[in-house]
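With compact mmCIF, N, CA and C atoms and all ligand atoms inside, this is structure.txt:
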```
# COMPACT_ATOMS: atom_id res chain seq x y z
N MET A 1 -17.22 5.16 7.35
CA MET A 1 -17.83 3.83 7.44
C MET A 1 -18.35 3.59 8.85
N ASN A 2 -19.34 2.69 8.92
CA ASN A 2 -19.88 2.31 10.22
C ASN A 2 -18.93 1.33 10.89
N LEU A 3 -18.69 1.56 12.18
CA LEU A 3 -17.80 0.68 12.93
C LEU A 3 -18.49 0.24 14.21
N HIS A 4 -18.13 -0.95 14.65
CA HIS A 4 -18.77 -1.56 15.81
C HIS A 4 -17.68 -2.07 16.75
N ALA A 5 -17.52 -1.36 17.84
CA ALA A 5 -16.48 -1.71 18.81
C ALA A 5 -17.06 -2.69 19.83
N HIS A 6 -16.59 -3.92 19.79
CA HIS A 6 -17.01 -4.92 20.76
C HIS A 6 -16.10 -4.77 21.97
N ILE A 7 -16.67 -4.25 23.05
CA ILE A 7 -15.90 -3.96 24.25
C ILE A 7 -16.25 -4.98 25.32
N THR A 8 -15.26 -5.75 25.75
CA THR A 8 -15.48 -6.78 26.76
C THR A 8 -14.89 -6.35 28.10
N ASP A 9 -15.72 -6.42 29.13
CA ASP A 9 -15.27 -6.16 30.49
C ASP A 9 -14.62 -7.45 31.00
N THR A 10 -13.30 -7.43 31.18
CA THR A 10 -12.60 -8.66 31.54
C THR A 10 -12.94 -9.14 32.95
N LYS A 11 -13.55 -8.26 33.75
CA LYS A 11 -13.91 -8.64 35.12
C LYS A 11 -15.21 -9.43 35.16
N THR A 12 -16.14 -9.08 34.28
CA THR A 12 -17.45 -9.75 34.29
C THR A 12 -17.65 -10.65 33.09
N GLY A 13 -16.84 -10.44 32.04
CA GLY A 13 -17.00 -11.23 30.83
C GLY A 13 -18.06 -10.69 29.89
N GLU A 14 -18.73 -9.60 30.31
CA GLU A 14 -19.80 -9.03 29.48
C GLU A 14 -19.22 -8.22 28.32
N THR A 15 -19.82 -8.42 27.14
CA THR A 15 -19.42 -7.64 25.96
C THR A 15 -20.58 -6.76 25.53
N ARG A 16 -20.28 -5.50 25.27
CA ARG A 16 -21.27 -4.57 24.73
C ARG A 16 -20.69 -3.98 23.45
N VAL A 17 -21.58 -3.54 22.56
CA VAL A 17 -21.13 -3.02 21.27
C VAL A 17 -21.40 -1.52 21.15
N HIS A 18 -20.35 -0.78 20.95
CA HIS A 18 -20.39 0.68 20.78
C HIS A 18 -20.29 0.97 19.29
N HIS A 19 -21.32 1.65 18.74
CA HIS A 19 -21.35 1.95 17.31
C HIS A 19 -20.86 3.37 17.07
N PHE A 20 -20.01 3.53 16.07
CA PHE A 20 -19.54 4.87 15.73
C PHE A 20 -19.13 4.89 14.26
N GLN A 21 -18.71 6.07 13.80
CA GLN A 21 -18.30 6.20 12.41
C GLN A 21 -16.92 6.79 12.31
N ASP A 22 -16.13 6.26 11.40
CA ASP A 22 -14.81 6.83 11.12
C ASP A 22 -14.39 6.32 9.75
N ASP A 23 -13.81 7.19 8.96
CA ASP A 23 -13.41 6.79 7.61
C ASP A 23 -11.94 6.46 7.49
N SER A 24 -11.20 6.60 8.59
CA SER A 24 -9.77 6.34 8.53
C SER A 24 -9.35 5.19 9.44
N PRO A 25 -9.08 4.00 8.88
CA PRO A 25 -8.63 2.87 9.70
C PRO A 25 -7.38 3.18 10.50
N SER A 26 -6.49 4.00 9.95
CA SER A 26 -5.25 4.31 10.69
C SER A 26 -5.54 5.17 11.91
N LEU A 27 -6.54 6.07 11.78
CA LEU A 27 -6.91 6.89 12.94
C LEU A 27 -7.59 6.03 14.00
N VAL A 28 -8.40 5.07 13.56
CA VAL A 28 -9.06 4.15 14.49
C VAL A 28 -8.00 3.36 15.26
N GLU A 29 -7.02 2.88 14.54
CA GLU A 29 -5.92 2.13 15.15
C GLU A 29 -5.19 2.97 16.19
N PHE A 30 -4.91 4.22 15.84
CA PHE A 30 -4.21 5.12 16.75
C PHE A 30 -5.06 5.45 17.97
N ASP A 31 -6.32 5.80 17.73
CA ASP A 31 -7.20 6.22 18.81
C ASP A 31 -7.42 5.11 19.84
N TRP A 32 -7.67 3.89 19.35
CA TRP A 32 -7.97 2.78 20.26
C TRP A 32 -6.73 2.02 20.71
N GLY A 33 -5.64 2.16 19.97
CA GLY A 33 -4.43 1.45 20.32
C GLY A 33 -3.49 2.25 21.19
N GLU A 34 -3.49 3.58 21.00
CA GLU A 34 -2.51 4.40 21.71
C GLU A 34 -3.09 5.66 22.35
N ASN A 35 -4.12 6.20 21.73
CA ASN A 35 -4.61 7.51 22.19
C ASN A 35 -5.78 7.37 23.18
N ASN A 36 -6.71 8.33 23.16
CA ASN A 36 -7.77 8.40 24.18
C ASN A 36 -8.50 7.09 24.47
N ASN A 37 -8.93 6.41 23.43
CA ASN A 37 -9.75 5.22 23.65
C ASN A 37 -8.94 3.96 23.95
N ALA A 38 -7.64 4.12 24.13
CA ALA A 38 -6.82 2.99 24.57
C ALA A 38 -6.94 2.83 26.08
N CYS A 39 -7.43 3.88 26.76
CA CYS A 39 -7.47 3.89 28.22
C CYS A 39 -8.81 3.36 28.76
N ASP A 40 -8.73 2.61 29.86
CA ASP A 40 -9.94 2.05 30.47
C ASP A 40 -10.97 3.10 30.84
N CYS A 41 -10.54 4.30 31.20
CA CYS A 41 -11.51 5.34 31.60
C CYS A 41 -12.42 5.69 30.43
N ASN A 42 -11.85 5.94 29.28
CA ASN A 42 -12.68 6.27 28.11
C ASN A 42 -13.45 5.06 27.60
N ARG A 43 -12.83 3.91 27.69
CA ARG A 43 -13.53 2.69 27.26
C ARG A 43 -14.75 2.43 28.15
N SER A 44 -14.62 2.76 29.46
CA SER A 44 -15.74 2.52 30.37
C SER A 44 -16.93 3.42 30.03
N LEU A 45 -16.67 4.61 29.50
CA LEU A 45 -17.76 5.51 29.10
C LEU A 45 -18.52 4.91 27.93
N HIS A 46 -17.79 4.42 26.93
CA HIS A 46 -18.43 3.79 25.77
C HIS A 46 -19.18 2.53 26.19
N PHE A 47 -18.57 1.76 27.09
CA PHE A 47 -19.17 0.51 27.56
C PHE A 47 -20.49 0.80 28.27
N SER A 48 -20.49 1.80 29.13
CA SER A 48 -21.70 2.16 29.87
C SER A 48 -22.80 2.63 28.93
N ARG A 49 -22.45 3.54 28.03
CA ARG A 49 -23.44 4.10 27.11
C ARG A 49 -23.97 3.05 26.15
N ALA A 50 -23.13 2.07 25.81
CA ALA A 50 -23.57 0.99 24.92
C ALA A 50 -24.64 0.14 25.60
N GLY A 51 -24.68 0.20 26.94
CA GLY A 51 -25.68 -0.55 27.68
C GLY A 51 -26.83 0.34 28.14
N GLY A 52 -26.88 1.58 27.62
CA GLY A 52 -27.96 2.49 27.96
C GLY A 52 -27.67 3.36 29.17
N GLY A 53 -26.46 3.26 29.72
CA GLY A 53 -26.11 4.06 30.89
C GLY A 53 -25.66 5.45 30.49
N ASP A 54 -25.41 6.28 31.50
CA ASP A 54 -25.00 7.66 31.22
C ASP A 54 -23.47 7.78 31.10
N GLY A 55 -22.77 6.69 31.31
CA GLY A 55 -21.31 6.72 31.21
C GLY A 55 -20.65 6.96 32.54
N TRP A 56 -20.93 8.11 33.13
CA TRP A 56 -20.19 8.51 34.32
C TRP A 56 -20.43 7.62 35.53
N SER A 57 -21.62 7.04 35.66
CA SER A 57 -21.91 6.20 36.82
C SER A 57 -21.13 4.88 36.78
N GLU A 58 -20.59 4.54 35.61
CA GLU A 58 -19.80 3.32 35.48
C GLU A 58 -18.36 3.64 35.10
N LEU A 59 -17.92 4.86 35.40
CA LEU A 59 -16.56 5.28 35.06
C LEU A 59 -15.53 4.44 35.81
N ARG A 60 -14.56 3.91 35.07
CA ARG A 60 -13.49 3.12 35.67
C ARG A 60 -12.19 3.91 35.68
N GLU A 61 -11.28 3.45 36.53
CA GLU A 61 -9.99 4.12 36.62
C GLU A 61 -9.16 3.91 35.36
N CYS A 62 -8.20 4.80 35.15
CA CYS A 62 -7.29 4.69 34.03
C CYS A 62 -6.49 3.40 34.15
N GLY A 63 -6.24 2.78 33.01
CA GLY A 63 -5.47 1.55 33.00
C GLY A 63 -5.60 0.90 31.64
N ASN A 64 -5.06 -0.29 31.52
CA ASN A 64 -5.17 -0.97 30.23
C ASN A 64 -5.42 -2.46 30.40
N GLU A 65 -6.16 -2.80 31.48
CA GLU A 65 -6.43 -4.21 31.74
C GLU A 65 -7.90 -4.56 31.85
N ARG A 66 -8.75 -3.55 32.10
CA ARG A 66 -10.15 -3.85 32.38
C ARG A 66 -10.95 -4.24 31.13
N TYR A 67 -10.64 -3.59 30.01
CA TYR A 67 -11.44 -3.84 28.80
C TYR A 67 -10.59 -4.34 27.64
N VAL A 68 -11.18 -5.25 26.86
CA VAL A 68 -10.56 -5.72 25.63
C VAL A 68 -11.47 -5.32 24.48
N VAL A 69 -10.86 -4.80 23.42
CA VAL A 69 -11.65 -4.25 22.32
C VAL A 69 -11.31 -4.89 20.97
N ARG A 70 -12.38 -5.16 20.21
CA ARG A 70 -12.22 -5.56 18.82
C ARG A 70 -13.24 -4.77 18.01
N ILE A 71 -12.78 -4.12 16.96
CA ILE A 71 -13.64 -3.25 16.16
C ILE A 71 -13.85 -3.84 14.77
N LEU A 72 -15.13 -4.00 14.42
CA LEU A 72 -15.49 -4.59 13.13
C LEU A 72 -16.19 -3.56 12.26
N ASN A 73 -16.09 -3.75 10.93
CA ASN A 73 -16.87 -2.92 10.02
C ASN A 73 -18.16 -3.66 9.67
N ASP A 74 -18.96 -3.06 8.78
CA ASP A 74 -20.25 -3.67 8.44
C ASP A 74 -20.10 -5.04 7.79
N ALA A 75 -18.94 -5.28 7.16
CA ALA A 75 -18.71 -6.56 6.50
C ALA A 75 -18.22 -7.62 7.48
N GLY A 76 -18.04 -7.23 8.74
CA GLY A 76 -17.58 -8.17 9.75
C GLY A 76 -16.08 -8.35 9.78
N GLU A 77 -15.38 -7.47 9.04
CA GLU A 77 -13.91 -7.55 9.03
C GLU A 77 -13.35 -6.77 10.21
N THR A 78 -12.26 -7.29 10.79
CA THR A 78 -11.65 -6.62 11.92
C THR A 78 -10.83 -5.42 11.46
N VAL A 79 -11.19 -4.25 11.98
CA VAL A 79 -10.47 -3.01 11.64
C VAL A 79 -9.40 -2.73 12.69
N TYR A 80 -9.73 -3.08 13.95
CA TYR A 80 -8.76 -2.92 15.03
C TYR A 80 -9.00 -4.00 16.08
N GLU A 81 -7.90 -4.48 16.67
CA GLU A 81 -8.03 -5.44 17.75
C GLU A 81 -6.86 -5.21 18.70
N ASP A 82 -7.13 -5.24 20.00
CA ASP A 82 -6.05 -5.10 20.97
C ASP A 82 -5.03 -6.21 20.76
N SER A 83 -3.77 -5.87 20.81
CA SER A 83 -2.75 -6.92 20.72
C SER A 83 -2.64 -7.56 22.09
N ARG A 84 -2.35 -8.83 22.12
CA ARG A 84 -2.34 -9.57 23.39
C ARG A 84 -0.95 -9.98 23.82
N ASP A 85 0.04 -9.27 23.32
CA ASP A 85 1.39 -9.65 23.74
C ASP A 85 1.83 -8.88 24.97
ZN ZN B 101 -7.71 7.17 31.42
```
Using the file provided, produce a representation of the structure as structure tokens.
Ligand SMILES: [Zn+2]
Amino acid sequence: MNLHAHITDTKTGETRVHHFQDDSPSLVEFDWGENNNACDCNRSLHFSRAGGGDGWSELRECGNERYVVRILNDAGETVYEDSRD
């Protein structure tokens, strides 16, 4: 299915949308909640490319505070959202 990751830079307030495909909601949850895409470094690559950049020129340090992510499907339903606790 088509997925749309709304990635917000908490420092600037800017949100960009990274489009990708995945057929497994549980894998999406794992990847963005715990695995590679849970980290600010990988999120910064998607954020940069979503704005037409090459990724690396906007690479951010590893962490879990710079970006907030919510992923929607084509129907506008939330497939994944960062927990805020
Ligand atoms: Zn990292």
Write out as AutoDock Vina command-line options an axis-aligned box for region 50-61 of chain A: all of its atoms listed in the file, 3 Å added on each side, centre and edge lengths in Å with one decimal.
```
--center_x -18.6 --center_y 4.0 --center_z 30.9 --size_x 24.8 --size_y 15.1 --size_z 17.9
```
A:Asn42, A:Thr78, A:Asn2, A:Ser83 ranked by distance to Gln21 (chain A), top pick (using only C-alpha atoms):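 For Gln21 (chain A), the nearest of the given residues is A:Asn2.
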All residues 7 Å or closer to region 13-17 of chain A, all atoms listed in the file, same chain fewer than 5 positions away omitted, as a PyMOL selection string: chain A and resi 4-8+46-47+50-51
Residue nearest ligand ZN 101 (chain B) among A:Ser24, A:Ser44, A:Thr12, A:Ser57 (counting only C-alpha atoms and all ligand atoms):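 For ligand ZN 101 (chain B), the nearest of the candidates is A:Ser44.
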Shortest interatomic distance to Asp23 (chain A) - which of A:Ser48, A:Arg70, A:Met1, A:Arg60, counting all atoms listed in the file: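 Among A:Ser48, A:Arg70, A:Met1, A:Arg60, it is A:Met1 that comes nearest to Asp23 (chain A).
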Restrict the output to chain A and C-alpha atoms, then write it as a short mmCIF file (atom, residue, chain, number, x, y, z; two decimals), in the first residue's frame.
```cif
data_model
loop_
_atom_site.label_atom_id
_atom_site.label_comp_id
_atom_site.auth_asym_id
_atom_site.auth_seq_id
_atom_site.Cartn_x
_atom_site.Cartn_y
_atom_site.Cartn_z
CA MET A 1 0.00 0.00 0.00
CA ASN A 2 0.99 3.62 -0.49
CA LEU A 3 2.10 5.34 2.68
CA HIS A 4 2.76 8.98 3.45
CA ALA A 5 5.08 9.82 6.31
CA HIS A 6 4.43 13.32 7.60
CA ILE A 7 7.77 14.27 9.12
CA THR A 8 7.85 17.42 11.24
CA ASP A 9 11.09 19.16 12.16
CA THR A 10 10.43 20.18 15.77
CA LYS A 11 13.06 22.92 15.54
CA THR A 12 11.49 24.79 12.62
CA GLY A 13 7.93 23.47 12.69
CA GLU A 14 8.18 22.52 9.01
CA THR A 15 6.44 19.34 7.89
CA ARG A 16 7.39 17.44 4.74
CA VAL A 17 5.80 14.30 3.35
CA HIS A 18 7.88 11.25 2.44
CA HIS A 19 6.02 8.78 0.19
CA PHE A 20 6.84 5.09 0.25
CA GLN A 21 5.27 1.66 -0.04
CA ASP A 22 4.92 -1.14 2.46
CA ASP A 23 2.33 -3.87 2.80
CA SER A 24 2.96 -4.72 6.44
CA PRO A 25 1.65 -2.28 9.09
CA SER A 26 3.55 -4.19 11.78
CA LEU A 27 6.83 -3.75 9.90
CA VAL A 28 6.09 -0.04 9.46
CA GLU A 29 5.47 0.21 13.20
CA PHE A 30 8.73 -1.57 13.97
CA ASP A 31 10.82 0.33 11.44
CA TRP A 32 9.63 3.81 12.47
CA GLY A 33 9.03 3.07 16.13
CA GLU A 34 12.12 1.08 17.04
CA ASN A 35 14.38 0.32 14.11
CA ASN A 36 16.27 2.40 11.49
CA ASN A 37 13.67 5.07 10.84
CA ALA A 38 13.10 5.72 14.53
CA CYS A 39 16.41 7.63 14.56
CA ASP A 40 16.75 11.32 13.68
CA CYS A 41 19.65 10.58 11.31
CA ASN A 42 17.55 8.42 9.00
CA ARG A 43 14.52 10.64 9.42
CA SER A 44 16.63 13.64 8.34
CA LEU A 45 17.49 11.87 5.07
CA HIS A 46 13.80 11.30 4.27
CA PHE A 47 12.98 14.86 5.36
CA SER A 48 15.64 16.34 3.09
CA ARG A 49 14.71 14.23 0.08
CA ALA A 50 11.01 15.00 0.60
CA GLY A 51 11.97 18.64 0.05
CA GLY A 52 14.02 17.89 -3.07
CA GLY A 53 17.37 17.76 -1.28
CA ASP A 54 20.03 15.09 -1.60
CA GLY A 55 19.64 13.99 2.01
CA TRP A 56 23.23 14.17 3.12
CA SER A 57 23.51 17.97 3.15
CA GLU A 58 20.75 18.07 5.79
CA LEU A 59 21.91 15.03 7.77
CA ARG A 60 21.17 15.39 11.49
CA GLU A 61 22.75 13.68 14.44
CA CYS A 62 21.33 10.50 15.93
CA GLY A 63 18.62 11.09 18.49
CA ASN A 64 14.90 10.93 19.01
CA GLU A 65 13.85 14.53 19.54
CA ARG A 66 14.35 16.41 16.28
CA TYR A 67 11.56 14.85 14.21
CA VAL A 68 7.99 13.77 14.89
CA VAL A 69 6.38 11.33 12.48
CA ARG A 70 2.84 10.36 11.57
CA ILE A 71 2.24 7.91 8.73
CA LEU A 72 -1.03 7.83 6.82
CA ASN A 73 -2.38 5.50 4.14
CA ASP A 74 -4.28 6.62 1.03
CA ALA A 75 -7.53 6.63 3.01
CA GLY A 76 -6.06 9.10 5.48
CA GLU A 77 -5.96 6.56 8.29
CA THR A 78 -3.03 6.64 10.69
CA VAL A 79 -0.82 3.58 10.26
CA TYR A 80 1.91 4.76 12.62
CA GLU A 81 2.37 7.69 14.96
CA ASP A 82 5.16 8.48 17.41
CA SER A 83 3.99 7.99 20.97
CA ARG A 84 4.31 11.12 23.06
CA ASP A 85 4.75 9.66 26.48
#
```
